[in-house]
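protein00.cif follows (mmCIF, C-alpha atoms):
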```cif
data_start
#
loop_
_atom_site.group_PDB
_atom_site.id
_atom_site.type_symbol
_atom_site.label_atom_id
_atom_site.label_comp_id
_atom_site.auth_asym_id
_atom_site.auth_seq_id
_atom_site.Cartn_x
_atom_site.Cartn_y
_atom_site.Cartn_z
ATOM 1 C CA MET G 1 14.213 -24.776 -7.664
ATOM 2 C CA VAL G 2 16.695 -22.039 -6.805
ATOM 3 C CA GLU G 3 20.400 -22.427 -7.471
ATOM 4 C CA VAL G 4 22.822 -20.700 -5.142
ATOM 5 C CA MET G 5 26.490 -20.197 -5.875
ATOM 6 C CA GLU G 6 28.762 -19.643 -2.899
ATOM 7 C CA LYS G 7 32.523 -19.146 -3.114
ATOM 8 C CA THR G 8 34.958 -19.852 -0.326
ATOM 9 C CA ASN G 9 38.523 -19.013 -1.390
ATOM 10 C CA ASP G 10 39.293 -21.331 -4.321
ATOM 11 C CA TYR G 11 36.436 -23.740 -3.684
ATOM 12 C CA VAL G 12 33.105 -23.331 -5.425
ATOM 13 C CA ILE G 13 30.036 -24.863 -3.821
ATOM 14 C CA LYS G 14 26.882 -25.158 -5.866
ATOM 15 C CA THR G 15 23.680 -26.016 -4.033
ATOM 16 C CA THR G 16 20.087 -26.418 -5.084
ATOM 17 C CA THR G 17 17.229 -25.500 -2.779
ATOM 18 C CA GLU G 18 13.633 -26.419 -3.452
ATOM 19 C CA ILE G 19 10.973 -24.084 -2.101
ATOM 20 C CA THR G 20 7.479 -25.553 -1.821
ATOM 21 C CA PRO G 21 4.336 -23.705 -2.861
ATOM 22 C CA GLN G 22 3.313 -23.762 0.812
ATOM 23 C CA ARG G 23 6.472 -21.848 1.781
ATOM 24 C CA ILE G 24 5.696 -19.280 -0.942
ATOM 25 C CA ALA G 25 2.126 -18.983 0.362
ATOM 26 C CA ASP G 26 3.418 -18.434 3.909
ATOM 27 C CA VAL G 27 5.928 -15.765 2.852
ATOM 28 C CA ILE G 28 3.457 -13.980 0.558
ATOM 29 C CA THR G 29 0.873 -14.006 3.368
ATOM 30 C CA ALA G 30 3.376 -12.384 5.743
ATOM 31 C CA GLY G 31 4.107 -9.720 3.135
ATOM 32 C CA VAL G 32 0.496 -8.983 2.233
ATOM 33 C CA GLU G 33 -0.770 -8.919 5.798
ATOM 34 C CA GLY G 34 2.079 -7.000 7.347
ATOM 35 C CA GLY G 35 4.654 -5.735 4.891
ATOM 36 C CA ILE G 36 3.489 -4.100 1.659
ATOM 37 C CA ALA G 37 0.774 -1.680 2.821
ATOM 38 C CA TYR G 38 3.173 1.271 2.746
ATOM 39 C CA TRP G 39 3.692 0.960 -1.027
ATOM 40 C CA ALA G 40 0.764 -1.115 -2.346
ATOM 41 C CA THR G 41 -3.011 -0.856 -2.083
ATOM 42 C CA ASP G 42 -4.282 -4.024 -3.811
ATOM 43 C CA PHE G 43 -3.086 -7.609 -4.186
ATOM 44 C CA LEU G 44 -5.484 -9.458 -6.490
ATOM 45 C CA LEU G 45 -5.524 -12.824 -8.240
ATOM 46 C CA THR G 46 -6.695 -11.915 -11.729
ATOM 47 C CA LYS G 47 -5.679 -14.614 -14.228
ATOM 48 C CA PRO G 48 -8.224 -15.604 -15.284
ATOM 49 C CA PRO G 49 -10.733 -13.934 -12.944
ATOM 50 C CA GLY G 50 -12.698 -16.394 -10.885
ATOM 51 C CA SER G 51 -11.303 -19.413 -12.734
ATOM 52 C CA MET G 52 -9.473 -20.924 -9.784
ATOM 53 C CA THR G 53 -11.653 -22.189 -6.951
ATOM 54 C CA LEU G 54 -9.547 -22.884 -3.906
ATOM 55 C CA PRO G 55 -10.256 -25.370 -1.105
ATOM 56 C CA SER G 56 -11.220 -22.401 1.102
ATOM 57 C CA GLY G 57 -13.998 -21.616 -1.367
ATOM 58 C CA ALA G 58 -12.386 -18.340 -2.435
ATOM 59 C CA THR G 59 -12.208 -17.544 -6.142
ATOM 60 C CA GLY G 60 -10.109 -14.988 -7.947
ATOM 61 C CA ALA G 61 -10.001 -11.556 -6.384
ATOM 62 C CA TYR G 62 -13.091 -12.178 -4.293
ATOM 63 C CA ALA G 63 -13.186 -12.294 -0.524
ATOM 64 C CA PRO G 64 -13.012 -15.684 1.191
ATOM 65 C CA PRO G 65 -16.148 -17.273 2.582
ATOM 66 C CA GLU G 66 -17.051 -16.428 6.164
ATOM 67 C CA GLY G 67 -14.244 -17.611 8.417
ATOM 68 C CA GLY G 68 -12.087 -18.802 5.487
ATOM 69 C CA ASP G 69 -8.572 -17.785 4.557
ATOM 70 C CA PRO G 70 -7.888 -15.282 1.778
ATOM 71 C CA TRP G 71 -6.809 -16.762 -1.580
ATOM 72 C CA TYR G 72 -3.174 -15.694 -1.193
ATOM 73 C CA CYS G 73 -2.762 -18.086 1.773
ATOM 74 C CA ASP G 74 -3.464 -21.099 -0.427
ATOM 75 C CA ALA G 75 -0.452 -23.035 -1.737
ATOM 76 C CA ASN G 76 -2.523 -24.224 -4.730
ATOM 77 C CA VAL G 77 -2.239 -20.740 -6.226
ATOM 78 C CA TYR G 78 1.570 -20.887 -6.265
ATOM 79 C CA ALA G 79 1.623 -24.513 -7.462
ATOM 80 C CA SER G 80 -0.213 -23.391 -10.604
ATOM 81 C CA ASP G 81 1.727 -22.409 -13.718
ATOM 82 C CA ASP G 82 -0.682 -19.800 -15.027
ATOM 83 C CA PHE G 83 -1.610 -17.475 -12.169
ATOM 84 C CA VAL G 84 -1.338 -13.702 -12.457
ATOM 85 C CA ILE G 85 -1.408 -11.487 -9.386
ATOM 86 C CA GLU G 86 -1.946 -7.765 -9.834
ATOM 87 C CA VAL G 87 -0.329 -5.462 -7.286
ATOM 88 C CA THR G 88 -1.394 -1.831 -7.259
ATOM 89 C CA GLU G 89 1.609 0.324 -6.400
ATOM 90 C CA ILE G 90 1.155 3.775 -4.890
ATOM 91 C CA GLU G 91 3.367 6.252 -6.746
ATOM 92 C CA ALA G 92 5.613 7.939 -4.195
ATOM 93 C CA SER G 93 5.759 11.259 -6.037
ATOM 94 C CA ASP G 94 2.249 12.369 -5.106
ATOM 95 C CA GLY G 95 0.858 9.505 -3.027
ATOM 96 C CA THR G 96 -2.343 9.309 -5.091
ATOM 97 C CA SER G 97 -1.314 7.964 -8.510
ATOM 98 C CA THR G 98 -1.127 4.208 -8.916
ATOM 99 C CA VAL G 99 0.588 1.729 -11.228
ATOM 100 C CA THR G 100 -0.461 -1.904 -11.646
ATOM 101 C CA ARG G 101 2.312 -4.497 -11.499
ATOM 102 C CA ARG G 102 1.853 -8.168 -12.362
ATOM 103 C CA ILE G 103 3.393 -11.215 -10.703
ATOM 104 C CA THR G 104 3.543 -14.685 -12.279
ATOM 105 C CA ARG G 105 5.193 -17.937 -11.246
ATOM 106 C CA LYS G 106 8.219 -16.963 -13.361
ATOM 107 C CA ASP G 107 8.490 -13.652 -11.449
ATOM 108 C CA ILE G 108 8.489 -15.444 -8.100
ATOM 109 C CA GLN G 109 11.155 -17.859 -9.361
ATOM 110 C CA LYS G 110 13.335 -14.929 -10.461
ATOM 111 C CA ALA G 111 12.676 -13.099 -7.169
ATOM 112 C CA LEU G 112 13.870 -16.125 -5.186
ATOM 113 C CA GLN G 113 17.066 -16.278 -7.258
ATOM 114 C CA ILE G 114 17.739 -12.569 -6.714
ATOM 115 C CA MET G 115 17.015 -12.968 -3.010
ATOM 116 C CA ALA G 116 19.423 -15.920 -2.732
ATOM 117 C CA GLU G 117 22.164 -13.957 -4.486
ATOM 118 C CA LYS G 118 21.724 -10.463 -2.992
ATOM 119 C CA TYR G 119 19.634 -10.781 0.162
ATOM 120 C CA ASP G 120 20.719 -14.147 1.477
ATOM 121 C CA TRP G 121 19.541 -13.474 5.055
ATOM 122 C CA HIS G 122 15.971 -13.168 3.768
ATOM 123 C CA PHE G 123 16.407 -16.287 1.641
ATOM 124 C CA LYS G 124 17.721 -18.168 4.683
ATOM 125 C CA ASN G 125 14.656 -17.007 6.609
ATOM 126 C CA ILE G 126 12.402 -18.541 3.940
ATOM 127 C CA VAL G 127 14.287 -21.831 3.917
ATOM 128 C CA GLY G 128 14.447 -21.900 7.729
ATOM 129 C CA GLU G 129 10.729 -21.073 8.084
ATOM 130 C CA ASN G 130 11.655 -17.915 9.990
ATOM 131 C CA GLU G 131 10.140 -15.325 7.645
ATOM 132 C CA ASP G 132 8.400 -12.180 8.796
ATOM 133 C CA SER G 133 6.534 -9.339 7.114
ATOM 134 C CA GLU G 134 9.821 -7.809 5.929
ATOM 135 C CA THR G 135 10.830 -11.039 4.194
ATOM 136 C CA GLY G 136 7.414 -11.177 2.518
ATOM 137 C CA ASP G 137 7.719 -7.544 1.462
ATOM 138 C CA VAL G 138 11.157 -8.205 -0.048
ATOM 139 C CA LEU G 139 9.889 -11.240 -2.004
ATOM 140 C CA ILE G 140 6.901 -9.309 -3.381
ATOM 141 C CA GLN G 141 9.060 -6.295 -4.316
ATOM 142 C CA LEU G 142 11.596 -8.514 -6.071
ATOM 143 C CA ALA G 143 8.779 -10.245 -7.950
ATOM 144 C CA CYS G 144 7.306 -6.880 -9.002
ATOM 145 C CA PHE G 145 10.440 -4.830 -9.699
ATOM 146 C CA LYS G 146 13.381 -7.303 -9.799
ATOM 147 C CA GLU G 147 15.031 -5.053 -7.177
ATOM 148 C CA LEU G 148 14.211 -3.448 -3.842
ATOM 149 C CA VAL G 149 12.524 -0.127 -4.525
ATOM 150 C CA TYR G 150 11.054 0.624 -1.115
ATOM 151 C CA GLY G 151 12.841 0.655 2.269
#
```
Would you write the structure of this file as structure tokens?
Amino acid sequence: MVEVMEKTNDYVIKTTTEITPQRIADVITAGVEGGIAYWATDFLLTKPPGSMTLPSGATGAYAPPEGGDPWYCDANVYASDDFVIEVTEIEASDGTSTVTRRITRKDIQKALQIMAEKYDWHFKNIVGENEDSETGDVLIQLACFKELVYG
């Protein structure tokens, strides 16, 4: 649940928006498949490795079965309370060094709140099911860094 505060003159409107795990899966998929490749090299489900078997048959950081979807497309991942995703960031200074960042459910919750407060057009795209790779990239960056670091 994400709370959004909007102010119009002297009136304060407080709204609550619920984002389903399926919406998170859709936005993350857009980011992984089209948005984060310029700053990240890996996006792996690692907590605990291989412990979550998804309906597609995929487990942990392993590839999906022939013709199946990758694990990050599955809403069951984001419905879980104990997942950890490791994102390998390419250090911009030399282009070869890497840093591993971790994303949990709590990080995604915080990222959605930041997005609603600072990048409301992206948040509206999630709610309106109009996300693209940029929206996915923004969500993943906010989950990793709590701010936009890359373009």
The PyMOL selection byres ((chain G and resi 118) around 12) applied to the shown file, residues as a PyMOL selection string:
chain G and resi 4-6+111-117+119-124+138-139+142+146-148
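Across the model, the gap from CA of Pro21 (chain G) to CA of Asp82 (chain G) is 13.7 Å.
Put simply, CA of Leu45 (chain G) is 8.0 Å away from CA of Tyr72 (chain G).
Across the structure, CA of Ile19 (chain G) and CA of Gln109 (chain G) are spaced 9.6 Å apart.
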Which residues come within 9 Å of Ile28 (chain G), counting only C-alpha atoms, excluding same-chain residues fewer than 5 positions away, as a ChimeraX atom specification?
/G:23,33,72-73,133,135-137,139-140
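Minimum atom-to-atom distance to Asp69 (chain G), evaluated using all atoms listed in the file, belongs to G:Ala25 out of G:Ile85, G:Ile90, G:Ile36, G:Ala25.
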Of G:Ala30, G:Ala143, G:Ala40, G:Ile24, the one nearest to Val87 (chain G) when counting only C-alpha atoms is G:Ala40
Let me make sure I understand: among G:Gly151, G:Glu86, G:Thr15, G:Gln22, which one has the smallest atom-to-atom distance to Glu129 (chain G) if we use all atoms listed in the file?
G:Gln22
Any chance you could work out the axis-aligned box around region 125-137 of chain G, listed atoms only, 5 Å on each side, giving centre and edge lengths in Å to one decimal, as lines of an AutoDock Vina configuration file?
```
center_x = 10.6
center_y = -14.7
center_z = 5.7
size_x = 18.1
size_y = 24.4
size_z = 18.5
```
